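Quick notes on the structure that follows.
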Amino acid sequence: MVYETEKVKFPSTSTVKQNKEEFSPKGLSPGSESQYDINMEMDAEGNFKIYSTTSIKNISTDKWEQLIFYFIPNMFTETNSYLEKPSTVKVESINLDGKTVKFNLEKDTLTVPLNEKLEPNQNVVVDIKYEFTLPEKGLRFTKNENNYFLAQWYPMIATYRNHKWNKEAYRLKGETYHTAFSDFKIQYKLPKDLTIISSSDNDRYPSKRTGVLEGENIKDFLFHY
């Protein structure tokens with residue numbers, strides 16, 4: 001049996017080339033712009049004390065009434081089938097431009113109401129003081145024997161798109177957080193016999209017990225002890 005094939009007309013190479021030259025990719029604005037300055041101290045028992053200062057700029061066209069952060073360490077505080085031991089998390093205080101404010105932490109969503117609406121192109125500085133321990137057999141944020149893996153361990157400001165905060169619920173698989181590329185400065189203090197591997201370009205091996213690590217225009221700042 002013989003079938004008649006359909007005649008398909010393909011565009012000429014000159015037309016394809018012209019269309020490529022006319023195409024100009026446009027990225028979506030993250031809506032929020034941030035810089036992180038974090039002081040991190042770890043003791044010999046694996047307790048972490050964090051003082052995080054985040055400078056946040058509203059680069060959207062809306063006025064903000066609140067800030068929304070991812071606070072993923074809080075997702076490992078309950079006993080689950082895959083955890084050998086849950087983490088502990090305690091948020092001690094949050095300041096906005098030097099003034100203490102109330103906040104709400106539910107699962108991995110940290111909501112900080114603003115005292116005044118933040119206009120487009122304005123900045124606010126958020127100081128968050130908190131403590132945590134790592135879960136055992138967690139996911140990316142975990143302790144495995146004498147190794148400590150810190151991913152998504154700091155309060156991460158969400159992106160802002162389509163007139164709302166672009167915050168999704170945490171999922172175990174895949175990258176479920178939407179944050180902008182940011183600059184980081186991390187001051188750390190370690191107990192003896194530990195060294196650090198991180199996202200910073202100025203890592204040194206073995207690392208000193210105290211130091212400063214920096215990263216420019218990166219998505220996330222990871223630590224491995």
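Following the order of the structure tokens, first chain is A, next is B, and so on, with residues numbered from 1 inside each chain and ligands from 1 in the order they appear.
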- request: Mind checking which residues fall within 7 Å of A:Lys137, counting only C-alpha atoms, ignoring those fewer than 5 positions away in the same chain, and posting them as a list in words?
  value: Tyr82, Leu83, Glu84, Thr142, Lys143 and Asn144 of chain A
message: Could you go through stretch 4-206 of chain A and tell me which residues DSSP, when run on the backbone, assigns to strand (DSSP E or B), listing them as a ChimeraX atom specification?
response: /A:32-42,48-58,64-70,85,88-96,99-100,104-106,109-118,123-133,136,139,141-144,147-150,156-157,159-161,164-166,182-189,197-198
- prompt: Pick from A:Asn47, A:Asn95, A:Gln66, A:Ser34: nearest to A:Thr133, with only C-alpha atoms counted?
  reply: A:Asn47
Could you give me, as a PDB file with N, CA and C atoms, in the first residue's frame, the residues within 12 Å of A:Ala158, counting only C-alpha atoms and dropping anything in the same chain fewer than 4 positions from it?
ATOM      1  N   PRO A  30      13.239  39.991  39.482  1.00  0.00           N
ATOM      2  CA  PRO A  30      12.907  39.246  40.701  1.00  0.00           C
ATOM      3  C   PRO A  30      12.011  40.036  41.650  1.00  0.00           C
ATOM      4  N   GLY A  31      11.889  41.353  41.424  1.00  0.00           N
ATOM      5  CA  GLY A  31      11.024  42.163  42.279  1.00  0.00           C
ATOM      6  C   GLY A  31      11.663  42.585  43.580  1.00  0.00           C
ATOM      7  N   SER A  32      12.592  41.775  44.085  1.00  0.00           N
ATOM      8  CA  SER A  32      13.315  42.090  45.314  1.00  0.00           C
ATOM      9  C   SER A  32      14.812  41.961  45.064  1.00  0.00           C
ATOM     10  N   GLU A  33      15.566  42.820  45.723  1.00  0.00           N
ATOM     11  CA  GLU A  33      17.025  42.824  45.590  1.00  0.00           C
ATOM     12  C   GLU A  33      17.596  42.765  46.997  1.00  0.00           C
ATOM     13  N   SER A  34      18.605  41.921  47.227  1.00  0.00           N
ATOM     14  CA  SER A  34      19.062  41.715  48.605  1.00  0.00           C
ATOM     15  C   SER A  34      20.572  41.541  48.698  1.00  0.00           C
ATOM     16  N   ILE A  56      17.339  44.848  51.962  1.00  0.00           N
ATOM     17  CA  ILE A  56      16.377  44.468  50.930  1.00  0.00           C
ATOM     18  C   ILE A  56      15.851  45.715  50.234  1.00  0.00           C
ATOM     19  N   LYS A  57      15.850  45.671  48.902  1.00  0.00           N
ATOM     20  CA  LYS A  57      15.334  46.789  48.107  1.00  0.00           C
ATOM     21  C   LYS A  57      14.107  46.339  47.328  1.00  0.00           C
ATOM     22  N   ASN A  58      13.082  47.158  47.358  1.00  0.00           N
ATOM     23  CA  ASN A  58      11.868  46.902  46.587  1.00  0.00           C
ATOM     24  C   ASN A  58      12.091  47.388  45.157  1.00  0.00           C
ATOM     25  N   GLN A  66       4.484  43.841  53.823  1.00  0.00           N
ATOM     26  CA  GLN A  66       5.164  42.815  54.601  1.00  0.00           C
ATOM     27  C   GLN A  66       6.314  42.226  53.799  1.00  0.00           C
ATOM     28  N   LEU A  67       7.173  41.502  54.477  1.00  0.00           N
ATOM     29  CA  LEU A  67       8.265  40.769  53.843  1.00  0.00           C
ATOM     30  C   LEU A  67       8.023  39.283  54.043  1.00  0.00           C
ATOM     31  N   ILE A  68       8.342  38.493  53.023  1.00  0.00           N
ATOM     32  CA  ILE A  68       8.185  37.048  53.101  1.00  0.00           C
ATOM     33  C   ILE A  68       9.542  36.394  52.869  1.00  0.00           C
ATOM     34  N   PHE A  69       9.970  35.591  53.849  1.00  0.00           N
ATOM     35  CA  PHE A  69      11.228  34.850  53.766  1.00  0.00           C
ATOM     36  C   PHE A  69      10.948  33.349  53.707  1.00  0.00           C
ATOM     37  N   TYR A  70      11.835  32.629  53.030  1.00  0.00           N
ATOM     38  CA  TYR A  70      11.936  31.187  53.210  1.00  0.00           C
ATOM     39  C   TYR A  70      12.765  30.945  54.478  1.00  0.00           C
ATOM     40  N   PHE A  71      12.251  30.120  55.374  1.00  0.00           N
ATOM     41  CA  PHE A  71      13.015  29.740  56.562  1.00  0.00           C
ATOM     42  C   PHE A  71      12.957  28.217  56.666  1.00  0.00           C
ATOM     43  N   ASP A 108       7.835  26.663  56.586  1.00  0.00           N
ATOM     44  CA  ASP A 108       9.049  27.319  56.086  1.00  0.00           C
ATOM     45  C   ASP A 108       8.806  28.766  55.680  1.00  0.00           C
ATOM     46  N   THR A 109       7.667  29.349  56.089  1.00  0.00           N
ATOM     47  CA  THR A 109       7.338  30.721  55.716  1.00  0.00           C
ATOM     48  C   THR A 109       7.491  31.652  56.912  1.00  0.00           C
ATOM     49  N   LEU A 110       8.396  32.605  56.788  1.00  0.00           N
ATOM     50  CA  LEU A 110       8.607  33.616  57.819  1.00  0.00           C
ATOM     51  C   LEU A 110       8.032  34.937  57.306  1.00  0.00           C
ATOM     52  N   THR A 111       6.993  35.425  57.985  1.00  0.00           N
ATOM     53  CA  THR A 111       6.313  36.663  57.580  1.00  0.00           C
ATOM     54  C   THR A 111       6.667  37.770  58.559  1.00  0.00           C
ATOM     55  N   LYS A 164       2.598  39.953  43.929  1.00  0.00           N
ATOM     56  CA  LYS A 164       2.547  39.148  45.138  1.00  0.00           C
ATOM     57  C   LYS A 164       3.906  38.500  45.372  1.00  0.00           C
ATOM     58  N   TRP A 165       4.108  38.043  46.605  1.00  0.00           N
ATOM     59  CA  TRP A 165       5.335  37.333  46.935  1.00  0.00           C
ATOM     60  C   TRP A 165       5.316  35.954  46.289  1.00  0.00           C
ATOM     61  N   ASN A 166       6.424  35.631  45.622  1.00  0.00           N
ATOM     62  CA  ASN A 166       6.529  34.392  44.858  1.00  0.00           C
ATOM     63  C   ASN A 166       7.064  33.286  45.772  1.00  0.00           C
ATOM     64  N   LYS A 167       6.236  32.868  46.708  1.00  0.00           N
ATOM     65  CA  LYS A 167       6.637  31.897  47.742  1.00  0.00           C
ATOM     66  C   LYS A 167       5.811  30.628  47.600  1.00  0.00           C
ATOM     67  N   GLU A 168       6.505  29.508  47.378  1.00  0.00           N
ATOM     68  CA  GLU A 168       5.841  28.215  47.275  1.00  0.00           C
ATOM     69  C   GLU A 168       6.119  27.378  48.517  1.00  0.00           C
ATOM     70  N   ALA A 169       5.252  26.416  48.771  1.00  0.00           N
ATOM     71  CA  ALA A 169       5.447  25.520  49.907  1.00  0.00           C
ATOM     72  C   ALA A 169       6.658  24.618  49.664  1.00  0.00           C
ATOM     73  N   THR A 176      12.617  24.129  45.386  1.00  0.00           N
ATOM     74  CA  THR A 176      11.280  24.679  45.588  1.00  0.00           C
ATOM     75  C   THR A 176      11.315  26.106  46.135  1.00  0.00           C
ATOM     76  N   TYR A 177      12.432  26.778  45.981  1.00  0.00           N
ATOM     77  CA  TYR A 177      12.498  28.149  46.496  1.00  0.00           C
ATOM     78  C   TYR A 177      12.830  29.115  45.358  1.00  0.00           C
ATOM     79  N   HIS A 178      12.244  30.313  45.427  1.00  0.00           N
ATOM     80  CA  HIS A 178      12.451  31.350  44.419  1.00  0.00           C
ATOM     81  C   HIS A 178      13.114  32.546  45.094  1.00  0.00           C
ATOM     82  N   THR A 179      14.401  32.694  44.855  1.00  0.00           N
ATOM     83  CA  THR A 179      15.156  33.806  45.412  1.00  0.00           C
ATOM     84  C   THR A 179      16.006  34.431  44.311  1.00  0.00           C
ATOM     85  N   ALA A 180      16.349  35.693  44.505  1.00  0.00           N
ATOM     86  CA  ALA A 180      17.179  36.390  43.526  1.00  0.00           C
ATOM     87  C   ALA A 180      18.654  36.089  43.777  1.00  0.00           C
ATOM     88  N   PHE A 181      19.485  36.302  42.774  1.00  0.00           N
ATOM     89  CA  PHE A 181      20.932  36.221  42.955  1.00  0.00           C
ATOM     90  C   PHE A 181      21.363  37.390  43.839  1.00  0.00           C
ATOM     91  N   SER A 182      22.230  37.117  44.806  1.00  0.00           N
ATOM     92  CA  SER A 182      22.561  38.118  45.821  1.00  0.00           C
ATOM     93  C   SER A 182      24.043  38.092  46.153  1.00  0.00           C
ATOM     94  N   LYS A 219      23.174  32.325  43.815  1.00  0.00           N
ATOM     95  CA  LYS A 219      21.796  31.949  44.136  1.00  0.00           C
ATOM     96  C   LYS A 219      21.643  31.527  45.585  1.00  0.00           C
TER      97      LYS A 219
END
- request: Determine which residues of stretch 41-200 of chain A receive a DSSP assignment of helix (DSSP H, G or I), computed from the backbone, and state them as a list in words.
  value: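 Those in stretch 41-200 of chain A that DSSP calls helix (DSSP H, G or I) are Ile72, Pro73, Asn74, Met75 and Phe76 of chain A.
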Limited to N, CA and C atoms, could you put the picked residues into a file as a PDB file, in the first residue's frame?
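And here is the file that came out, out_28.pdb:
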ATOM      1  N   ILE A  72      13.720  27.569  55.798  1.00  0.00           N
ATOM      2  CA  ILE A  72      13.630  26.128  55.580  1.00  0.00           C
ATOM      3  C   ILE A  72      14.107  25.281  56.765  1.00  0.00           C
ATOM      4  N   PRO A  73      15.050  25.740  57.614  1.00  0.00           N
ATOM      5  CA  PRO A  73      15.411  24.912  58.782  1.00  0.00           C
ATOM      6  C   PRO A  73      14.224  24.499  59.632  1.00  0.00           C
ATOM      7  N   ASN A  74      13.181  25.321  59.651  1.00  0.00           N
ATOM      8  CA  ASN A  74      12.018  24.998  60.469  1.00  0.00           C
ATOM      9  C   ASN A  74      11.251  23.778  59.967  1.00  0.00           C
ATOM     10  N   MET A  75      11.500  23.363  58.712  1.00  0.00           N
ATOM     11  CA  MET A  75      10.802  22.205  58.157  1.00  0.00           C
ATOM     12  C   MET A  75      11.323  20.887  58.727  1.00  0.00           C
ATOM     13  N   PHE A  76      12.457  20.918  59.426  1.00  0.00           N
ATOM     14  CA  PHE A  76      13.061  19.688  59.937  1.00  0.00           C
ATOM     15  C   PHE A  76      12.937  19.555  61.455  1.00  0.00           C
TER      16      PHE A  76
END
query: Which one of A:Tyr188, A:Tyr160, A:Phe141, A:Phe103 sits closest to A:Ile50 if you count only C-alpha atoms?
result: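 Of A:Tyr188, A:Tyr160, A:Phe141, A:Phe103, the one nearest A:Ile50, counting only C-alpha atoms, is A:Tyr188.
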Counting only C-alpha atoms, give me one row per residue of stretch 183-216 of chain A with an atom at most 9 Å from an atom of stretch 42-45 of chain A, showing the shortest contact pair and its distance in Å to one decimal, sorted by chain then residue number, as CSV.
residue,atom,partner,partner_atom,distance
A:Tyr188,CA,A:Met42,CA,8.0
A:Lys189,CA,A:Met42,CA,6.2
A:Leu190,CA,A:Met42,CA,5.4
A:Pro191,CA,A:Ala44,CA,5.4
A:Lys192,CA,A:Ala44,CA,7.8
task: For A:Val126, list every protein, DNA or RNA residue within 6 Å, evaluated using only C-alpha atoms, and leave out those in the same chain fewer than 4 positions away; present the list as a list in words.
output: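 So the residues in contact are Thr53, Thr54, Asn95 and Leu96 of chain A.
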Distance query A:Ser93 at most 12 Å, only C-alpha atoms, self and fewer than 4 positions along chain excluded, as a count of residues only: 19
Selected residue, from A:Phe48, A:Tyr36, A:Tyr170, A:Tyr205, that lies nearest to A:Val91 when counting only C-alpha atoms: A:Phe48
Counting only C-alpha atoms, the residue of A:Thr79, A:Glu41, A:Thr61, A:Lys107 that sits nearest A:Asn162: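 Selected residue with least distance to A:Asn162: A:Thr61.
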- request: Excluding A:Asp183 and any residue of its chain fewer than 3 positions from it, enumerate the residues within 7 Å of it, using only C-alpha atoms, and give them as a list in words.
  value: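 Skipping anything fewer than 3 positions along the chain leaves Gln35, Tyr36, Gly215, Glu216, Asn217 and Ile218 of chain A.
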message: If I take atom CA of A:Arg171 and atom CA of A:Arg140, how far is one from the other in Å, to one decimal?
response: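 Computing it gives 12.3 Å between the two atoms.
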query: Which residue gives the smallest distance to A:Ile94 among A:Leu114, A:Glu106, A:Asp62, A:Lys185, with only C-alpha atoms counted?
result: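 Between A:Leu114, A:Glu106, A:Asp62, A:Lys185, the residue approaching A:Ile94 most closely is A:Leu114.
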